[in-house]
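Okay, structure first, notes after.
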There are 2 protein chains.
Amino acid sequence: MAKKNKTTIKDIANVLNISTAAVSKALHNDSRISEKTKKAVRQVAENLNYQPNHLASALRSGKSKLIGVIVPKTNSNFFSSVIHNIEEGLNTEGYNIIITQSNESYKKECANIDALLFTQVDGIIASMANETVDLAHYEKIKAAGIPLITFDRGENDLNVDYIGIDDYNSSHIIVDHLVEQGCKRIAHIGGFKRTRIYNNRIRGYIDALKKHNLPLDEELLIESNLSKEDGRLKMQDLLNLEDRPDAVYVAGDYAALGVLELLKEQNISIPDDIALVGFGNEPFTDMVSPKITSVNQHSYEIGRIAAKTFLEYKDQDQLNQTLKKNILEAELIVRASSKRK
Amino acid sequence: MAKKNKTTIKDIANVLNISTAAVSKALHNDSRISEKTKKAVRQVAENLNYQPNHLASALRSGKSKLIGVIVPKTNSNFFSSVIHNIEEGLNTEGYNIIITQSNESYKKECANIDALLFTQVDGIIASMANETVDLAHYEKIKAAGIPLITFDRGENDLNVDYIGIDDYNSSHIIVDHLVEQGCKRIAHIGGFKRTRIYNNRIRGYIDALKKHNLPLDEELLIESNLSKEDGRLKMQDLLNLEDRPDAVYVAGDYAALGVLELLKEQNISIPDDIALVGFGNEPFTDMVSPKITSVNQHSYEIGRIAAKTFLEYKDQDQLNQTLKKNILEAELIVRASSKRK
DNA sequence: TATATTTGCTTAATCGTTTAAACAAAAGTA
DNA sequence: TACTTTTGTTTAAACGATTAAGCAAATATA
């Protein structure tokens with residue numbers, strides 16, 4: 001039934017009895033082609049329903065007009081929104097994006113990079129999996145000579161552009177807020193210390209306590225994988241302490257949700273007994289009861305800037321990337337889970 | 001810093017003093033190439049860190065080994081999970097996928113199809129945007145001679161493969177369950193009638209009522225865009241009725257969440273005053289209180305089958321697709337919002 | 001009028017790979 | 001021994017576009 005009668009520039013050239021070179025130039029609006037010919041070419045191209053073969057032009061020009069995006073997961077509002085905004089920024093310039101997800105797996109992330117390089121993408125925008133420590137596979141991208149732009153989860157060592165929020169300062173904003181609500185023993189269920197963003201949040205937490213002359217109690221600083229289940233577990237540990245905290249700052253919304261469930265089950269009043277703050281502003285923070293105070297990570301801006309950053313590199317043939325950080329101020333969305341007054 | 005010193009088969013050929021054809025065949029394990037040569041080629045390829053140029057081979061062979069996926073949104077658990085399983089099924093066969101999102105916009109969906117065809121994908125797996133009524137852009141895919149496989153939101157008129165759950169029967173299962181809980185006036189906040197899956201759910205709802213000898217009250221059957229906000233609005237309409245329903249079956253989880261919020265605000269007891277059932281089994285149905293009964297759509301199976309279906313077509317050069325439906329039984333996950341006993 | 005420049009096109013090479021066709025050498029068959 | 005078949009390789013043409021270089025005709029300049 002289906003016939004692959006794809007029209008090529010040769011077909012157009014034959015109809016008009018001109019060379020394929022003339023057709024190609026006419027379609028690219030070359031100044032050395034007469035208006036008359038251009039008009040005729042465009043007309044015939046439309047009549048024959050000509051669709052340029054991307055593979056051929058990409059092969060010849062060395063530009064695929066494809067950008068690879070790697071995210072840990074697409075089913076988070078943050079990443080989905082960043083992707084959407086990257087797309088918006090690149091589509092206008094004729095680029096299309098290939099989305100891949102690592103599912104937080106180091107191995108999958110390597111496979112994704114290989115697949116993207118294989119597809120000859122012109123650049124990669126990535127946020128790293130939690131598991132990722134070894135960066136050798138990212139060096140492959142640099143070796144391929146295409147720009148790499150990281151966001152949210154990046155690494156200083158990679159020496160490439162990075163876009164993210166100010167995690168260190170976010171912790172300050174959160175602790176400031178909790179202190180203002182009258183909290184004196186603020187616990188922190190943080191992410192993996194080795195992941196830069198979580199480490200920054202931890203440092204911010206420690207320094208903010210100091211700023212407010214609150215003692216740092218090592219028992220109140222806990223490392224977690226930030227899953228909902230682990231949030232429950234780590235909160236239970238905190239409840240088992242002789243001297244319970246009166247506030248918990250959790251470095252991820254899913255874990256914060258686990259905390260919320262546990263506290264509700266044990267009839268511990270939120271925020272009066274224990275105030276709760278999450279991170280990420282996932283939609284469900286606004287759906288549960290009480291609604292969870294959280295941090296908006298500006299997915300819109302991050303996507304937009306990532307796209308813009310790539311576009312700045314695109315014409316340079318001598319790629320020379322250095323660590324350029326684009327740090328955005330995070331925004332605390334105060335909701336019932338921490339509002340005592 | 002970066003040098004694009006890409007190794008080609010020509011480089012390998014030069015090292016070994018053989019032709020590029022021999023190298024190409026050796027790398028493809030052609031039976032007419034001696035083991036000795038193959039071994040040597042593989043060795044040199046590795047030494048020079050040879051990476052095949054996908055564009056060149058795709059251009060020559062006419063196969064890009066890329067599959068396009070179009071979904072309304074990636075930030076839903078259902079679609080994200082389907083994508084993951086499509087990927088898994090195709091990766092093993094050397095295919096990579098390009099994910100695009102339509103954001104429920106007809107115009108974006110058209111742009112996505114154009115972009116995918118432009119990239120010379122070997123096939124497209126799609127779930128349609130809510131807005132989509134005109135199918136002309138899908139005909140483009142057929143005209144390109146590549147297989148099109150639809151899932152969840154498809155259209156009979158397209159005459160291509162379809163994978164989804166049995167929406168009609170799902171309504172039966174839900175109504176059966178609600179009747180069993182003692183509900184007598186069951187309302188249905190459904191999706192757009194013109195969208196096939198929502199239409200099937202409506203038909204199932206009507207027939208199931210009949211089966212249980214319950215009267216069909218037109219006031220209790222409402223069309224909605226199934227957003228959280230619209231769920232609230234439509235529920236308020238139901239509450240304004242003289243004779244209120246004692247159960248609401250909502251065709252989407254987000255709308256069901258809106259319903260839940262409204263009922264809680266008005267201190268209407270769930271499930272005792274009004275029982276609630278959603279659709280889609282989004283993670284938050286298990287996070288809110290009370291937890292929402294919902295329908296699991298088997299994203300795992302859908303993705304797996306979509307991939308398998310494509311692979312069955314891939315070698316046929318005379319593509320002849322017909323409407324082949326793959327209908328899965330849905331599973332009702334009963335939670336507190338509808339459990340009276 | 002003679003020369004230089006511009007205009008508008010063609011020719012042919014090229015991107016990196018695949019593959020049909022050709023062919024020599026080795027091995028098998030009668 | 002003479003012919004056929006198999007083995008292992010090469011040659012060269014593609015895939016569909018882009019683009020440097022070339023060239024004739026038209027136009028501008030001196």
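Residues are referred to by chain and number: the chain letter is A, B, ... according to the order shown in the structure tokens, the number counts from 1 in that chain, and ligands are numbered separately from 1 in the order shown.
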query: Near chain B, which residues of chain A fall within 6 Å when you count only C-alpha atoms, and what do they look like as an NGL selection string?
result: :A and (2 or 4 or 54-55 or 59 or 74-77 or 80 or 98-99 or 118-119 or 145 or 288)
- Query: What residues in chain C lie within 9 Å of chain B, counting only C-alpha atoms (C1' of nucleotides), written as a list of chain:residue names?
  - Reply: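 Here is what falls inside 9 Å: C:DC15, C:DG16, C:DT17, C:DT18, C:DT19.
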(request) Taking only C-alpha atoms (C1' of nucleotides) into account, report as a PyMOL selection string which residues of chain D lie within 7 Å of chain A. (result) chain D and resi 16-18
Residue selection dump (N, CA and C atoms (P, O5', C5', C4', C3', O3' and C1' of nucleotides)) as a CSV table (one decimal), in the first residue's frame:
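Writing done, so here's result07.csv:
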chain,number,residue,atom,x,y,z
D,16,DG,P,17.9,8.8,-1.9
D,16,DG,O5',18.3,10.3,-1.4
D,16,DG,C5',18.1,10.7,-0.1
D,16,DG,C4',18.8,12.0,0.1
D,16,DG,C3',18.4,13.1,-0.8
D,16,DG,O3',18.0,14.2,-0.1
D,16,DG,C1',20.7,12.9,-0.7
D,17,DA,P,17.4,15.5,-0.7
D,17,DA,O5',18.6,16.6,-0.5
D,17,DA,C5',18.8,17.2,0.7
D,17,DA,C4',20.2,17.3,1.1
D,17,DA,C3',20.9,18.6,0.7
D,17,DA,O3',20.7,19.5,1.8
D,17,DA,C1',22.3,16.7,0.3
D,18,DT,P,21.1,21.0,1.6
D,18,DT,O5',22.7,21.0,1.5
D,18,DT,C5',23.5,20.7,2.7
D,18,DT,C4',24.9,20.9,2.4
D,18,DT,C3',25.3,22.3,2.1
D,18,DT,O3',26.5,22.6,2.8
D,18,DT,C1',26.1,20.8,0.4
* **Residue set, segment 37-131 of chain B restricted to alpha helix (DSSP H), as a PyMOL selection string** => chain B and resi 37-47+54-61+77-91+106-118
Next item on the list: Please return as a VMD selection string: the residues of segment 46-160 of chain A that backbone DSSP assigns to strand (DSSP E or B).
Entry: chain A and resid 66 to 71 96 to 101 123 to 126 148 to 151
Store the residues picked out above, limited to N, CA, C and O atoms, as a PDB file, in the first residue's frame.
ATOM      1  N   LEU A  66      20.211  18.213  16.288  1.00  0.00           N
ATOM      2  CA  LEU A  66      19.573  17.419  17.331  1.00  0.00           C
ATOM      3  C   LEU A  66      20.335  17.633  18.634  1.00  0.00           C
ATOM      4  O   LEU A  66      21.561  17.594  18.639  1.00  0.00           O
ATOM      5  N   ILE A  67      19.627  17.863  19.710  1.00  0.00           N
ATOM      6  CA  ILE A  67      20.261  18.030  21.011  1.00  0.00           C
ATOM      7  C   ILE A  67      19.777  16.925  21.941  1.00  0.00           C
ATOM      8  O   ILE A  67      18.585  16.661  22.011  1.00  0.00           O
ATOM      9  N   GLY A  68      20.701  16.285  22.619  1.00  0.00           N
ATOM     10  CA  GLY A  68      20.322  15.240  23.558  1.00  0.00           C
ATOM     11  C   GLY A  68      20.086  15.805  24.947  1.00  0.00           C
ATOM     12  O   GLY A  68      20.792  16.709  25.381  1.00  0.00           O
ATOM     13  N   VAL A  69      19.067  15.288  25.615  1.00  0.00           N
ATOM     14  CA  VAL A  69      18.791  15.694  26.986  1.00  0.00           C
ATOM     15  C   VAL A  69      18.774  14.437  27.851  1.00  0.00           C
ATOM     16  O   VAL A  69      18.145  13.447  27.492  1.00  0.00           O
ATOM     17  N   ILE A  70      19.508  14.475  28.946  1.00  0.00           N
ATOM     18  CA  ILE A  70      19.522  13.331  29.862  1.00  0.00           C
ATOM     19  C   ILE A  70      18.995  13.785  31.210  1.00  0.00           C
ATOM     20  O   ILE A  70      19.513  14.731  31.796  1.00  0.00           O
ATOM     21  N   VAL A  71      17.965  13.127  31.694  1.00  0.00           N
ATOM     22  CA  VAL A  71      17.443  13.434  33.028  1.00  0.00           C
ATOM     23  C   VAL A  71      17.314  12.144  33.824  1.00  0.00           C
ATOM     24  O   VAL A  71      17.214  11.062  33.251  1.00  0.00           O
ATOM     25  N   ASN A  96      15.865  20.119  17.364  1.00  0.00           N
ATOM     26  CA  ASN A  96      14.938  19.222  18.032  1.00  0.00           C
ATOM     27  C   ASN A  96      15.682  18.504  19.140  1.00  0.00           C
ATOM     28  O   ASN A  96      16.899  18.371  19.088  1.00  0.00           O
ATOM     29  N   ILE A  97      14.953  18.050  20.143  1.00  0.00           N
ATOM     30  CA  ILE A  97      15.642  17.417  21.253  1.00  0.00           C
ATOM     31  C   ILE A  97      15.285  15.939  21.373  1.00  0.00           C
ATOM     32  O   ILE A  97      14.196  15.517  21.018  1.00  0.00           O
ATOM     33  N   ILE A  98      16.248  15.187  21.831  1.00  0.00           N
ATOM     34  CA  ILE A  98      16.057  13.773  22.107  1.00  0.00           C
ATOM     35  C   ILE A  98      16.120  13.617  23.617  1.00  0.00           C
ATOM     36  O   ILE A  98      17.141  13.911  24.229  1.00  0.00           O
ATOM     37  N   ILE A  99      15.020  13.180  24.207  1.00  0.00           N
ATOM     38  CA  ILE A  99      14.980  13.041  25.655  1.00  0.00           C
ATOM     39  C   ILE A  99      15.338  11.612  26.047  1.00  0.00           C
ATOM     40  O   ILE A  99      14.826  10.662  25.469  1.00  0.00           O
ATOM     41  N   THR A 100      16.229  11.455  26.998  1.00  0.00           N
ATOM     42  CA  THR A 100      16.510  10.117  27.527  1.00  0.00           C
ATOM     43  C   THR A 100      16.456  10.174  29.042  1.00  0.00           C
ATOM     44  O   THR A 100      16.705  11.216  29.633  1.00  0.00           O
ATOM     45  N   GLN A 101      16.094   9.070  29.669  1.00  0.00           N
ATOM     46  CA  GLN A 101      16.064   9.052  31.122  1.00  0.00           C
ATOM     47  C   GLN A 101      17.017   7.994  31.664  1.00  0.00           C
ATOM     48  O   GLN A 101      17.128   6.910  31.115  1.00  0.00           O
ATOM     49  N   GLY A 123      24.874  18.548  20.700  1.00  0.00           N
ATOM     50  CA  GLY A 123      25.143  19.000  22.057  1.00  0.00           C
ATOM     51  C   GLY A 123      24.337  18.174  23.043  1.00  0.00           C
ATOM     52  O   GLY A 123      23.390  17.493  22.649  1.00  0.00           O
ATOM     53  N   ILE A 124      24.735  18.202  24.311  1.00  0.00           N
ATOM     54  CA  ILE A 124      24.015  17.437  25.328  1.00  0.00           C
ATOM     55  C   ILE A 124      23.761  18.312  26.547  1.00  0.00           C
ATOM     56  O   ILE A 124      24.643  19.041  27.001  1.00  0.00           O
ATOM     57  N   ILE A 125      22.527  18.247  27.032  1.00  0.00           N
ATOM     58  CA  ILE A 125      22.141  18.942  28.252  1.00  0.00           C
ATOM     59  C   ILE A 125      21.751  17.867  29.259  1.00  0.00           C
ATOM     60  O   ILE A 125      20.882  17.052  28.966  1.00  0.00           O
ATOM     61  N   ALA A 126      22.422  17.833  30.398  1.00  0.00           N
ATOM     62  CA  ALA A 126      22.230  16.682  31.284  1.00  0.00           C
ATOM     63  C   ALA A 126      22.111  17.048  32.754  1.00  0.00           C
ATOM     64  O   ALA A 126      22.682  18.039  33.223  1.00  0.00           O
ATOM     65  N   LEU A 148      28.617  20.424  26.357  1.00  0.00           N
ATOM     66  CA  LEU A 148      27.868  19.740  27.405  1.00  0.00           C
ATOM     67  C   LEU A 148      27.419  20.794  28.402  1.00  0.00           C
ATOM     68  O   LEU A 148      28.226  21.619  28.849  1.00  0.00           O
ATOM     69  N   ILE A 149      26.140  20.780  28.705  1.00  0.00           N
ATOM     70  CA  ILE A 149      25.607  21.723  29.673  1.00  0.00           C
ATOM     71  C   ILE A 149      24.892  20.936  30.761  1.00  0.00           C
ATOM     72  O   ILE A 149      24.080  20.068  30.458  1.00  0.00           O
ATOM     73  N   THR A 150      25.228  21.189  31.997  1.00  0.00           N
ATOM     74  CA  THR A 150      24.602  20.438  33.086  1.00  0.00           C
ATOM     75  C   THR A 150      23.653  21.344  33.869  1.00  0.00           C
ATOM     76  O   THR A 150      23.829  22.562  33.886  1.00  0.00           O
ATOM     77  N   PHE A 151      22.670  20.728  34.501  1.00  0.00           N
ATOM     78  CA  PHE A 151      21.763  21.509  35.337  1.00  0.00           C
ATOM     79  C   PHE A 151      21.335  20.685  36.533  1.00  0.00           C
ATOM     80  O   PHE A 151      21.405  19.467  36.514  1.00  0.00           O
TER      81      PHE A 151
END
What is the atom CA of Leu276 of chain B to atom CA of Met128 of chain B distance in Å?
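We find that atom CA of Leu276 of chain B and atom CA of Met128 of chain B lie 27.2 Å from each other.
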